[in-house]
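So this block is start.cif, mmCIF, C-alpha atoms and all ligand atoms:
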```
data_final
loop_
_atom_site.label_atom_id
_atom_site.label_comp_id
_atom_site.auth_asym_id
_atom_site.auth_seq_id
_atom_site.Cartn_x
_atom_site.Cartn_y
_atom_site.Cartn_z
CA MET A 1 0.00 0.00 0.00
CA SER A 2 1.34 3.39 -0.93
CA ASN A 3 1.62 6.23 1.52
CA SER A 4 2.04 8.80 -1.22
CA GLU A 5 -1.33 9.05 -2.92
CA LEU A 6 -0.98 12.68 -1.95
CA LYS A 7 2.49 13.98 -1.26
CA VAL A 8 3.08 13.42 2.43
CA THR A 9 4.82 16.24 4.32
CA PRO A 10 8.18 15.16 5.77
CA SER A 11 9.35 15.65 9.35
CA GLN A 12 11.91 18.14 10.67
CA THR A 13 13.42 18.44 14.13
CA ILE A 14 11.55 20.27 16.89
CA GLY A 15 14.84 22.14 17.46
CA PRO A 16 16.01 23.62 20.76
CA PHE A 17 13.70 26.62 21.17
CA PHE A 18 10.18 25.20 21.23
CA ARG A 19 9.38 25.88 24.89
CA PHE A 20 7.46 29.15 24.46
CA GLY A 21 5.35 27.67 21.68
CA MET A 22 4.56 24.28 23.22
CA ASP A 23 4.29 24.97 26.94
CA TRP A 24 0.65 26.17 27.00
CA ILE A 25 -0.65 22.63 27.66
CA ALA A 26 2.54 21.16 29.07
CA THR A 27 1.50 21.10 32.71
CA GLU A 28 -2.00 19.64 32.33
CA GLN A 29 -2.62 16.32 34.08
CA LEU A 30 -4.91 13.57 32.80
CA VAL A 31 -6.67 13.25 36.17
CA GLU A 32 -7.01 15.47 39.23
CA GLU A 33 -4.92 14.98 42.30
CA GLY A 34 -6.79 12.67 44.64
CA HIS A 35 -8.42 10.67 41.85
CA PRO A 36 -8.88 7.22 43.44
CA ASN A 37 -7.01 5.42 40.65
CA ALA A 38 -4.40 8.07 39.98
CA ILE A 39 -0.90 6.90 39.06
CA VAL A 40 2.20 8.88 38.22
CA VAL A 41 4.40 7.95 35.26
CA HIS A 42 7.78 9.62 35.46
CA GLY A 43 11.29 9.22 34.14
CA VAL A 44 14.24 10.76 32.37
CA VAL A 45 15.15 11.02 28.69
CA TYR A 46 18.80 10.04 28.05
CA ASP A 47 21.06 10.31 25.02
CA GLY A 48 23.68 7.80 23.87
CA GLY A 49 26.26 9.22 26.27
CA GLY A 50 23.98 8.61 29.22
CA ASN A 51 23.38 12.36 29.49
CA PRO A 52 19.91 13.63 30.35
CA VAL A 53 18.16 15.43 27.49
CA PRO A 54 16.81 18.75 28.81
CA ASP A 55 15.27 19.84 25.51
CA ALA A 56 12.94 16.96 24.71
CA MET A 57 9.17 16.92 24.48
CA ILE A 58 7.22 13.83 25.53
CA GLU A 59 3.59 13.29 24.64
CA VAL A 60 1.31 10.47 25.72
CA PHE A 61 -2.08 9.32 24.47
CA GLN A 62 -4.26 6.65 26.03
CA ALA A 63 -7.79 5.31 26.50
CA ASP A 64 -9.85 6.13 29.57
CA GLU A 65 -10.63 3.54 32.26
CA ASN A 66 -13.28 1.98 30.04
CA GLY A 67 -11.00 1.66 27.03
CA LYS A 68 -12.66 4.59 25.26
CA PHE A 69 -11.10 7.49 23.38
CA PRO A 70 -12.31 11.00 22.62
CA PRO A 71 -14.81 11.95 21.38
CA GLU A 72 -16.66 8.73 22.37
CA CYS A 73 -15.56 8.66 26.00
CA ALA A 74 -17.40 10.19 28.89
CA GLY A 75 -16.73 13.62 30.36
CA SER A 76 -13.70 15.69 29.57
CA TRP A 77 -11.20 12.89 29.06
CA SER A 78 -8.59 14.09 26.56
CA GLY A 79 -6.35 11.05 26.76
CA PHE A 80 -3.45 13.34 26.00
CA ALA A 81 -0.63 14.93 27.94
CA ARG A 82 2.52 16.79 26.95
CA ARG A 83 5.67 17.42 28.95
CA LEU A 84 8.78 19.43 28.19
CA THR A 85 11.71 17.77 29.95
CA ASP A 86 13.28 19.75 32.79
CA ASP A 87 16.95 20.69 33.24
CA ASN A 88 17.64 17.11 34.37
CA GLY A 89 15.83 15.50 31.43
CA GLY A 90 12.94 14.56 33.70
CA TYR A 91 9.20 14.44 33.17
CA GLU A 92 6.20 13.39 35.27
CA ILE A 93 2.57 12.78 34.30
CA ARG A 94 -0.40 12.03 36.58
CA THR A 95 -2.88 9.70 34.89
CA ILE A 96 -4.73 6.41 35.33
CA LYS A 97 -4.19 2.98 33.85
CA PRO A 98 -6.26 2.75 30.68
CA GLY A 99 -8.92 0.10 30.11
CA ALA A 100 -8.43 -2.72 27.65
CA VAL A 101 -8.25 -1.89 23.93
CA VAL A 102 -7.67 -4.11 20.92
CA ALA A 103 -4.62 -4.57 18.72
CA ALA A 104 -4.59 -4.54 14.92
CA ASN A 105 -5.28 -8.29 14.91
CA GLY A 106 -8.31 -7.95 17.17
CA GLU A 107 -6.63 -9.36 20.28
CA LEU A 108 -7.06 -7.56 23.57
CA GLN A 109 -3.93 -5.76 24.73
CA ALA A 110 -2.41 -5.24 28.14
CA PRO A 111 -2.94 -1.74 29.54
CA HIS A 112 -0.60 0.63 27.72
CA ILE A 113 -0.02 4.27 26.89
CA ALA A 114 1.21 5.45 23.49
CA VAL A 115 4.23 7.74 23.80
CA VAL A 116 6.12 9.91 21.34
CA VAL A 117 9.38 11.76 21.93
CA PHE A 118 10.67 14.83 20.09
CA ALA A 119 14.00 16.57 20.74
CA ARG A 120 16.67 18.72 19.23
CA GLY A 121 18.71 16.23 17.23
CA LEU A 122 15.74 13.99 16.46
CA LEU A 123 14.85 14.57 12.82
CA LYS A 124 11.60 12.66 13.22
CA PRO A 125 9.44 11.48 16.11
CA ALA A 126 10.34 8.42 18.18
CA PHE A 127 7.16 6.48 19.03
CA SER A 128 6.91 3.77 21.64
CA ARG A 129 4.53 2.37 24.28
CA ILE A 130 4.43 2.37 28.05
CA TYR A 131 3.31 -0.90 29.73
CA PHE A 132 3.20 -1.59 33.49
CA SER A 133 5.37 -4.03 35.45
CA ASP A 134 2.54 -4.99 37.82
CA GLU A 135 0.44 -6.29 34.91
CA ALA A 136 2.60 -9.37 34.35
CA GLU A 137 -0.33 -11.63 33.48
CA ALA A 138 -1.79 -9.24 30.89
CA ASN A 139 1.67 -8.38 29.57
CA SER A 140 2.43 -12.08 28.97
CA LYS A 141 -0.50 -12.20 26.52
CA ASP A 142 0.04 -8.83 24.86
CA PRO A 143 0.34 -9.12 21.07
CA LEU A 144 2.95 -6.35 20.83
CA LEU A 145 5.17 -7.46 23.70
CA ASN A 146 4.99 -11.00 22.34
CA VAL A 147 6.55 -10.10 19.00
CA ILE A 148 9.65 -8.69 20.69
CA ASP A 149 12.12 -11.57 20.95
CA ASP A 150 14.88 -9.84 22.94
CA PRO A 151 13.83 -9.71 26.62
CA LYS A 152 16.05 -6.67 27.23
CA ALA A 153 14.33 -4.77 24.45
CA LYS A 154 10.93 -5.88 25.75
CA ASN A 155 11.80 -4.60 29.23
CA THR A 156 12.43 -1.10 27.89
CA LEU A 157 8.67 -0.79 27.25
CA ILE A 158 7.63 -1.74 30.78
CA ALA A 159 7.34 1.03 33.37
CA VAL A 160 8.61 -0.19 36.72
CA SER A 161 6.13 -0.05 39.59
CA GLU A 162 7.40 1.93 42.58
CA SER A 163 5.72 2.77 45.85
CA GLY A 164 2.87 5.27 46.04
CA GLY A 165 1.36 4.53 42.63
CA LYS A 166 4.45 5.70 40.80
CA TYR A 167 5.88 4.07 37.68
CA ARG A 168 9.32 4.75 36.29
CA PHE A 169 9.66 4.91 32.53
CA ASP A 170 12.99 6.17 31.19
CA VAL A 171 13.57 6.83 27.51
CA ARG A 172 17.02 5.94 26.20
CA LEU A 173 17.44 7.29 22.69
CA GLN A 174 20.46 5.02 22.23
CA ASP A 175 22.31 2.29 24.11
CA SER A 176 24.42 3.70 26.94
CA ASP A 177 25.94 2.60 30.24
CA LEU A 178 22.46 3.17 31.69
CA GLY A 179 20.85 0.46 29.60
CA PRO A 180 19.69 -0.52 26.15
CA GLU A 181 18.00 1.81 23.69
CA THR A 182 14.23 2.02 24.13
CA GLN A 183 12.38 -0.22 21.71
CA PHE A 184 10.92 2.34 19.36
CA ILE A 185 7.96 1.62 17.11
CA GLN A 186 7.26 2.47 13.50
CA PHE A 187 3.74 2.14 12.15
CA GLY A 188 3.19 0.10 9.01
CA VAL A 189 0.52 -1.82 7.17
CA MET B 1 -5.37 -14.38 14.80
CA GLY B 2 -2.62 -12.83 12.72
CA SER B 3 0.45 -11.06 13.98
CA ILE B 4 0.40 -7.33 14.47
CA LEU B 5 3.76 -7.02 12.72
CA GLY B 6 3.51 -4.75 9.69
CA GLN B 7 5.36 -3.72 6.56
CA PRO B 8 6.93 -0.25 6.56
CA LEU B 9 5.35 2.49 4.50
CA GLU B 10 7.42 4.27 1.91
CA SER B 11 9.10 6.90 4.11
CA VAL B 12 9.30 10.59 3.31
CA ASP B 13 11.05 11.45 6.58
CA PRO B 14 14.76 12.14 7.02
CA PRO B 15 16.87 9.43 8.70
CA TYR B 16 17.57 9.60 12.42
CA HIS B 17 21.26 9.98 11.62
CA PHE B 18 22.53 12.73 9.38
CA PRO B 19 26.21 13.55 9.96
CA GLY B 20 25.82 17.14 8.76
CA TYR B 21 23.48 17.80 11.70
CA GLN B 22 25.72 17.13 14.67
CA SER B 23 23.05 16.71 17.33
CA THR B 24 21.77 13.56 15.64
CA GLY B 25 24.97 11.76 16.71
CA LEU B 26 24.08 10.95 20.31
CA ARG B 27 20.33 11.32 19.97
CA GLY B 28 19.17 9.44 16.89
CA PRO B 29 18.08 5.88 17.73
CA ASN B 30 20.37 3.20 16.25
CA ARG B 31 18.37 0.02 16.65
CA ASN B 32 15.74 -1.17 14.22
CA PRO B 33 12.25 -0.03 15.16
CA LEU B 34 9.55 -2.59 15.71
CA ILE B 35 7.22 -2.23 12.74
CA ILE B 36 3.64 -2.88 13.77
CA ARG B 37 0.19 -2.17 12.49
CA PRO B 38 -1.22 0.44 14.87
CA GLY B 39 -3.63 -0.67 17.60
CA ASP B 40 -6.69 1.05 18.91
CA THR B 41 -4.59 3.53 20.90
CA GLU B 42 -2.62 4.82 17.93
CA LEU B 43 -5.70 4.87 15.67
CA HIS B 44 -7.38 7.52 17.80
CA ALA B 45 -6.24 11.07 18.39
CA PRO B 46 -6.68 13.81 20.96
CA VAL B 47 -9.44 16.33 20.35
CA PHE B 48 -8.82 19.95 21.27
CA GLY B 49 -12.00 21.97 21.48
CA GLU B 50 -12.75 25.52 20.39
CA SER B 51 -12.57 26.58 24.04
CA ARG B 52 -8.82 25.93 24.10
CA ILE B 53 -8.11 28.65 21.55
CA GLY B 54 -7.99 32.33 22.49
CA PRO B 55 -9.00 35.19 20.18
CA ASN B 56 -5.46 36.28 19.25
CA ASP B 57 -3.87 32.84 19.25
CA ASN B 58 -3.75 32.75 15.45
CA ASP B 59 -2.61 36.38 15.11
CA LEU B 60 0.96 36.61 16.40
CA THR B 61 1.01 40.32 15.60
CA ALA B 62 -1.83 41.07 18.04
CA GLN B 63 -0.60 39.40 21.22
CA HIS B 64 0.98 42.49 22.78
CA GLN B 65 0.26 46.19 23.28
CA GLY B 66 1.99 47.36 20.12
CA GLN B 67 2.78 46.09 16.64
CA PRO B 68 5.83 43.90 16.20
CA ILE B 69 8.59 45.03 13.86
CA GLY B 70 8.90 43.21 10.57
CA GLU B 71 7.13 42.17 7.43
CA LYS B 72 3.54 41.19 8.21
CA ILE B 73 2.43 38.02 6.47
CA ILE B 74 -0.54 35.67 6.23
CA VAL B 75 0.33 31.95 6.31
CA SER B 76 -2.54 29.72 5.30
CA GLY B 77 -3.25 26.37 3.74
CA ARG B 78 -5.01 23.05 4.25
CA LEU B 79 -4.35 20.09 6.53
CA LEU B 80 -5.11 16.86 4.66
CA ASP B 81 -4.57 13.14 5.03
CA SER B 82 -2.79 11.19 2.32
CA ARG B 83 -6.07 10.47 0.54
CA GLY B 84 -6.80 14.19 0.31
CA LYS B 85 -9.45 14.19 3.02
CA PRO B 86 -9.42 17.41 5.07
CA ILE B 87 -8.51 17.02 8.73
CA ALA B 88 -11.17 19.21 10.32
CA ASN B 89 -11.22 20.93 13.71
CA GLN B 90 -7.74 19.80 14.61
CA LEU B 91 -5.04 21.72 16.45
CA ILE B 92 -2.13 23.35 14.61
CA GLU B 93 0.60 25.03 16.68
CA ILE B 94 3.42 27.22 15.38
CA TRP B 95 6.47 28.92 16.83
CA GLN B 96 9.15 31.02 15.23
CA ALA B 97 11.94 33.57 15.58
CA ASN B 98 11.17 37.28 15.26
CA SER B 99 12.07 39.52 12.32
CA ALA B 100 15.64 39.80 13.62
CA GLY B 101 16.10 36.04 13.86
CA ARG B 102 15.83 35.84 17.66
CA TYR B 103 13.63 33.43 19.61
CA ALA B 104 11.83 34.43 22.81
CA HIS B 105 13.68 31.59 24.54
CA LYS B 106 16.08 32.06 27.42
CA LEU B 107 18.75 29.86 25.82
CA ASP B 108 18.79 31.69 22.48
CA ASP B 109 21.98 33.75 22.74
CA HIS B 110 21.94 35.10 19.17
CA ASP B 111 23.01 38.75 19.47
CA ALA B 112 19.88 40.15 17.83
CA PRO B 113 17.13 42.13 19.53
CA LEU B 114 14.07 40.67 21.17
CA ASP B 115 10.83 42.42 20.19
CA PRO B 116 8.65 43.31 23.17
CA ASN B 117 5.65 43.10 20.86
CA PHE B 118 6.36 39.64 19.51
CA THR B 119 6.58 36.30 21.29
CA GLY B 120 6.28 34.06 18.26
CA GLY B 121 3.95 31.29 19.45
CA GLY B 122 0.53 30.65 17.93
CA ARG B 123 -2.19 28.05 17.57
CA THR B 124 -5.47 27.50 15.80
CA LEU B 125 -7.98 24.82 14.88
CA THR B 126 -8.52 23.88 11.25
CA ASP B 127 -12.01 24.60 9.95
CA SER B 128 -14.39 22.00 8.49
CA ASN B 129 -12.40 22.06 5.22
CA GLY B 130 -9.08 21.56 6.97
CA VAL B 131 -8.10 25.19 6.36
CA TYR B 132 -5.86 27.05 8.80
CA ARG B 133 -4.72 30.65 8.78
CA PHE B 134 -2.13 32.59 10.80
CA THR B 135 -1.18 36.26 10.77
CA THR B 136 2.45 36.76 11.76
CA ILE B 137 5.76 38.43 10.97
CA LYS B 138 8.21 36.92 8.51
CA PRO B 139 10.96 35.36 10.64
CA ALA B 140 14.59 36.04 9.77
CA ALA B 141 17.39 33.53 9.24
CA TYR B 142 19.55 32.96 12.31
CA PRO B 143 23.05 31.63 12.97
CA TRP B 144 23.69 28.44 14.91
CA GLY B 145 26.73 26.56 16.12
CA ASN B 146 26.51 23.43 14.02
CA HIS B 147 29.44 24.32 11.74
CA PRO B 148 31.39 27.48 10.83
CA ASN B 149 29.10 30.24 9.53
CA ALA B 150 26.01 28.05 9.84
CA TRP B 151 22.66 29.77 9.24
CA ARG B 152 19.19 28.34 9.46
CA PRO B 153 17.02 29.49 6.57
CA ALA B 154 13.96 31.48 7.71
CA HIS B 155 11.34 29.01 8.89
CA ILE B 156 8.23 28.57 10.98
CA HIS B 157 7.96 25.45 13.17
CA PHE B 158 4.64 23.58 12.80
CA SER B 159 3.16 21.00 15.19
CA LEU B 160 0.37 18.84 13.74
CA PHE B 161 -2.15 16.24 14.85
CA GLY B 162 -4.27 14.05 12.60
CA THR B 163 -7.18 11.74 13.23
CA ALA B 164 -4.81 9.04 14.51
CA PHE B 165 -1.99 9.49 17.01
CA ASP B 166 0.44 7.74 14.65
CA GLN B 167 0.10 10.75 12.31
CA ARG B 168 1.70 13.10 14.87
CA LEU B 169 4.13 15.36 13.02
CA ILE B 170 6.43 18.24 13.82
CA THR B 171 8.10 19.97 10.91
CA GLN B 172 9.25 23.34 9.55
CA MET B 173 7.85 25.54 6.81
CA TYR B 174 10.37 27.42 4.67
CA PHE B 175 10.02 30.39 2.32
CA PRO B 176 10.57 30.38 -1.45
CA GLY B 177 13.91 31.54 -2.85
CA ASP B 178 15.89 31.39 0.40
CA PRO B 179 19.61 31.53 -0.48
CA THR B 180 20.70 29.69 2.68
CA MET B 181 18.50 26.65 2.04
CA ASP B 182 21.06 24.66 0.04
CA SER B 183 23.63 24.72 2.84
CA ASP B 184 21.26 23.90 5.71
CA PRO B 185 21.85 20.37 7.02
CA ILE B 186 18.46 20.16 8.73
CA ALA B 187 16.54 20.87 5.53
CA ASN B 188 18.93 18.75 3.48
CA SER B 189 18.63 15.76 5.80
CA ILE B 190 15.69 15.18 3.44
CA ARG B 191 17.75 13.88 0.54
CA ASP B 192 15.08 13.95 -2.16
CA LYS B 193 14.73 17.56 -3.37
CA LYS B 194 11.19 16.90 -4.52
CA VAL B 195 10.26 15.82 -1.00
CA LEU B 196 12.10 18.77 0.55
CA ALA B 197 10.19 21.10 -1.80
CA ARG B 198 6.99 20.10 0.07
CA LEU B 199 8.27 22.14 3.02
CA ILE B 200 8.64 25.33 0.98
CA SER B 201 5.60 27.59 0.98
CA ASP B 202 4.35 29.41 -2.11
CA PHE B 203 4.01 33.15 -2.32
CA ASP B 204 0.32 33.71 -3.06
CA TRP B 205 -1.23 37.02 -4.15
CA ASP B 206 -4.65 35.67 -3.17
CA LEU B 207 -3.60 35.66 0.48
CA THR B 208 -2.17 39.16 0.48
CA ILE B 209 -4.07 42.03 2.05
CA SER B 210 -3.61 45.29 0.20
CA GLY B 211 -1.62 47.78 2.22
CA ILE B 212 -1.21 45.34 5.13
CA ALA B 213 0.27 41.89 4.53
CA LEU B 214 1.91 39.57 2.02
CA GLY B 215 0.76 35.95 1.87
CA TYR B 216 2.27 32.46 1.79
CA ARG B 217 0.33 29.29 1.12
CA TRP B 218 1.41 25.93 2.53
CA ASP B 219 -0.63 22.73 2.46
CA ILE B 220 0.27 19.93 4.86
CA VAL B 221 -0.36 16.22 4.22
CA LEU B 222 -0.14 13.78 7.13
CA GLY B 223 0.88 10.21 6.36
CA GLY B 224 0.35 7.17 8.51
CA PRO B 225 -1.03 3.77 7.62
CA ASN B 226 -4.61 4.78 8.45
CA PRO B 227 -5.49 7.99 6.64
CA THR B 228 -9.16 8.02 7.64
CA PRO B 229 -11.04 6.43 10.52
CA GLU B 230 -13.22 4.68 7.92
CA ALA B 231 -10.15 2.95 6.53
CA LYS B 232 -9.60 0.89 9.69
FE FE C 301 14.00 27.22 14.43
#
```
Take the structure I supplied and represent it as structure tokens, if you would.
Ligand SMILES: [Fe+2]
Amino acid sequence: MSNSELKVTPSQTIGPFFRFGMDWIATEQLVEEGHPNAIVVHGVVYDGGGNPVPDAMIEVFQADENGKFPPECAGSWSGFARRLTDDNGGYEIRTIKPGAVVAANGELQAPHIAVVVFARGLLKPAFSRIYFSDEAEANSKDPLLNVIDDPKAKNTLIAVSESGGKYRFDVRLQDSDLGPETQFIQFGV
Amino acid sequence: MGSILGQPLESVDPPYHFPGYQSTGLRGPNRNPLIIRPGDTELHAPVFGESRIGPNDNDLTAQHQGQPIGEKIIVSGRLLDSRGKPIANQLIEIWQANSAGRYAHKLDDHDAPLDPNFTGGGRTLTDSNGVYRFTTIKPAAYPWGNHPNAWRPAHIHFSLFGTAFDQRLITQMYFPGDPTMDSDPIANSIRDKKVLARLISDFDWDLTISGIALGYRWDIVLGGPNPTPEAK
């Protein structure tokens, strides 16, 4: 199947100076503080030297608790959050675990959040997914995780459960002393 | 049930690694991506309502007390999917340098003046025909440290959403006839000149406003394996 029936616009880097243009929604949370099922996904973006990346932008998109997306879902659920990494490459998002949604082959998937990373030096977006380490049973049946043969690569997609409803999800743009490159995803047909 | 593994689409994007653009060295991923057919999550997209957009958000010349310095321009076009279907009511965000080539960003140390009447960030929703329109100031070229005497051609950064999250795109719009274009490694990371030409806007008399503004037209086409929700 061709992707060029019309002439698709190519990507360019977000560059270093996007903050004043992109920050207007960059502090919004997906759920209020005190939401009974609130979790916090946080982490650091690292480059291939193991250095934090202070000029990256992370965006997430996910279903609500019932597995629904806007505009079909109830209330004001946007499913979307954006963060601009801080001086230490860090980001933090308060959300909930999404409900079950289906994969391209119709199979139910483990709870997951779609994530995309932009940064100076990235000429095109880096997509991936965030899964949860305390969903081992669901993860073991997930159609995406199950097509990744290398367990180390698979682990890069699984946010590590910490205390207090926190999950740690680092993004490594390349292999470094800190660990293997995040398994990035490209969408095909 | 079949595997979710997919075949890659013909790519128009630059590679992650382009030696002429130094920052790609430690930041571009090296490993092969996992190529999958998108699932339900990536086939949906965020919706940003009318209420998120303020009255002067699409007029970057009207966001302060006075008029910014520079050449006032209209930038307008259509947001389409690869089948030519308009992407309606979707968010488009832009940011840019001012008419001296300086960004309103604390880390921009280019020795050119800030303009108290110009920040350089804007946003709008496309209309039901996918049409967007901004009023702004033509940004200037600016120097950067990538190589000796490096200059970025004048450009406006664009951030785009489609009807599916996998269409998410950030890119840059250039201006016709820019003499610095040929030596810019970011633009030329797109090796096919015909593909790069899709980032260059057209001067368009129909967008000009007599006595007030010149006009540039730029249509944007989002790719992705799922151009319309109906195509799922
Ligand atoms: Fe720029």
Shell around Gly215 (chain B) at 8 Å using all atoms listed in the file, local window under 5 positions removed, as a ChimeraX atom specification: /B:73-76,203-209
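Taking only C-alpha atoms and all ligand atoms into account, ligand FE 301 (chain C) lies nearest to B:Ala154 out of the set B:Ala154, B:Leu169, B:Leu199, B:Leu79.
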Length of the CA of Gly67 (chain A) to CA of Pro8 (chain B) vector [Å]: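 Spanning CA of Gly67 (chain A) to CA of Pro8 (chain B) is a straight-line distance of 27.3 Å.
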Expected answer as a list in words: residues within 9 Å of ligand FE 301 (chain C), only C-alpha atoms and all ligand atoms: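 Residues satisfying the distance criterion: Thr13, Ile14, Gly15, Pro16, Phe17 and Phe18 of chain A; Trp95, Gln96, Ala97, Tyr103, Ala141, Tyr142, Arg152, Pro153, Ala154, His155, Ile156, His157 and Gln172 of chain B.
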Which residue of A:Ile185, A:Ala56, A:Ile39, A:Ala136 approaches chain B most closely, using all atoms listed in the file: A:Ile185
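Note that the spacing between CA of Ala150 (chain B) and CA of Val221 (chain B) amounts to 29.4 Å.
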Atom pair CA of Gly121 (chain B) / CA of Asp86 (chain A): separation (Å): 20.0 Å
If you count only C-alpha atoms, which residues fall within 6 Å of region 23-29 of chain A, apart from same-chain ones fewer than 6 positions away, as a tab-separated table (two decimals) with C-alpha atoms, in the coordinates of the input?
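Result file follows (selection.tsv):
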```tsv
chain	number	residue	atom	x	y	z
A	82	ARG	CA	2.52	16.79	26.95
A	83	ARG	CA	5.67	17.42	28.95
A	94	ARG	CA	-0.40	12.03	36.58
```
Test item: residues at most 9 Å from Gln174 (chain A), all atoms listed in the file, excluding those fewer than 2 positions along its chain, as a ChimeraX atom specification: /A:46-50,171-172,176,179-182 /B:26-31
Counting all atoms listed in the file, the residue of B:Gln22, B:Gln63, B:Ser11, B:Asn146 that sits nearest Pro225 (chain B):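 Smallest separation from Pro225 (chain B) among the options: B:Ser11.
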Residue nearest chain B among A:Ser128, A:Asn139, A:Thr85, A:Asn37 (counting all atoms listed in the file):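 Counting all atoms listed in the file, the residue closest to chain B is A:Ser128.
When all atoms listed in the file are used to compute distances to Gly122 (chain B), the closest of the residues B:Ile92, B:Ala45, B:Ile137, B:Leu160 turns out to be B:Ile92.
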Residue list as a VMD selection string for point (6.1, 41.4, 17.0), cut-off 7 Å, only C-alpha atoms: chain B and resid 61 67 to 69 98 115 to 119 137
Which of A:Gly43, A:Gly21, A:Pro111, A:Gly89 sits closest to chain B [using all atoms listed in the file]: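 The answer is A:Gly21, which sits nearest to chain B.
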Could I see region 34-39 of chain A restored to all heavy atoms, set down as a PDB file, in the frame of the given file?
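What landed in selection.pdb:
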```pdb
ATOM      1  N   GLY A  34      -5.766  13.259  43.783  1.00  0.00           N
ATOM      2  CA  GLY A  34      -6.790  12.670  44.640  1.00  0.00           C
ATOM      3  C   GLY A  34      -7.737  11.738  43.907  1.00  0.00           C
ATOM      4  O   GLY A  34      -8.590  11.112  44.532  1.00  0.00           O
ATOM      5  N   HIS A  35      -7.615  11.654  42.593  1.00  0.00           N
ATOM      6  CA  HIS A  35      -8.420  10.670  41.850  1.00  0.00           C
ATOM      7  C   HIS A  35      -8.101   9.289  42.429  1.00  0.00           C
ATOM      8  O   HIS A  35      -6.931   8.948  42.618  1.00  0.00           O
ATOM      9  CB  HIS A  35      -8.058  10.733  40.369  1.00  0.00           C
ATOM     10  CG  HIS A  35      -8.904   9.848  39.502  1.00  0.00           C
ATOM     11  ND1 HIS A  35      -8.795   8.471  39.514  1.00  0.00           N
ATOM     12  CD2 HIS A  35      -9.887  10.129  38.601  1.00  0.00           C
ATOM     13  CE1 HIS A  35      -9.667   7.960  38.648  1.00  0.00           C
ATOM     14  NE2 HIS A  35     -10.332   8.949  38.081  1.00  0.00           N
ATOM     15  N   PRO A  36      -9.136   8.480  42.717  1.00  0.00           N
ATOM     16  CA  PRO A  36      -8.880   7.220  43.440  1.00  0.00           C
ATOM     17  C   PRO A  36      -7.921   6.268  42.704  1.00  0.00           C
ATOM     18  O   PRO A  36      -7.218   5.489  43.355  1.00  0.00           O
ATOM     19  CB  PRO A  36     -10.277   6.598  43.590  1.00  0.00           C
ATOM     20  CG  PRO A  36     -11.170   7.357  42.658  1.00  0.00           C
ATOM     21  CD  PRO A  36     -10.567   8.717  42.503  1.00  0.00           C
ATOM     22  N   ASN A  37      -7.893   6.338  41.395  1.00  0.00           N
ATOM     23  CA  ASN A  37      -7.010   5.420  40.650  1.00  0.00           C
ATOM     24  C   ASN A  37      -5.799   6.130  40.043  1.00  0.00           C
ATOM     25  O   ASN A  37      -5.179   5.605  39.118  1.00  0.00           O
ATOM     26  CB  ASN A  37      -7.800   4.730  39.542  1.00  0.00           C
ATOM     27  CG  ASN A  37      -8.951   3.919  40.093  1.00  0.00           C
ATOM     28  OD1 ASN A  37      -8.859   3.359  41.187  1.00  0.00           O
ATOM     29  ND2 ASN A  37     -10.056   3.877  39.367  1.00  0.00           N
ATOM     30  N   ALA A  38      -5.498   7.310  40.574  1.00  0.00           N
ATOM     31  CA  ALA A  38      -4.400   8.070  39.980  1.00  0.00           C
ATOM     32  C   ALA A  38      -3.064   7.330  40.092  1.00  0.00           C
ATOM     33  O   ALA A  38      -2.775   6.707  41.121  1.00  0.00           O
ATOM     34  CB  ALA A  38      -4.297   9.440  40.647  1.00  0.00           C
ATOM     35  N   ILE A  39      -2.285   7.389  39.042  1.00  0.00           N
ATOM     36  CA  ILE A  39      -0.900   6.900  39.060  1.00  0.00           C
ATOM     37  C   ILE A  39      -0.022   8.032  38.519  1.00  0.00           C
ATOM     38  O   ILE A  39      -0.527   8.988  37.920  1.00  0.00           O
ATOM     39  CB  ILE A  39      -0.714   5.633  38.189  1.00  0.00           C
ATOM     40  CG1 ILE A  39      -1.035   5.938  36.717  1.00  0.00           C
ATOM     41  CG2 ILE A  39      -1.568   4.484  38.720  1.00  0.00           C
ATOM     42  CD1 ILE A  39      -0.616   4.825  35.768  1.00  0.00           C
TER      43      ILE A  39
END
```
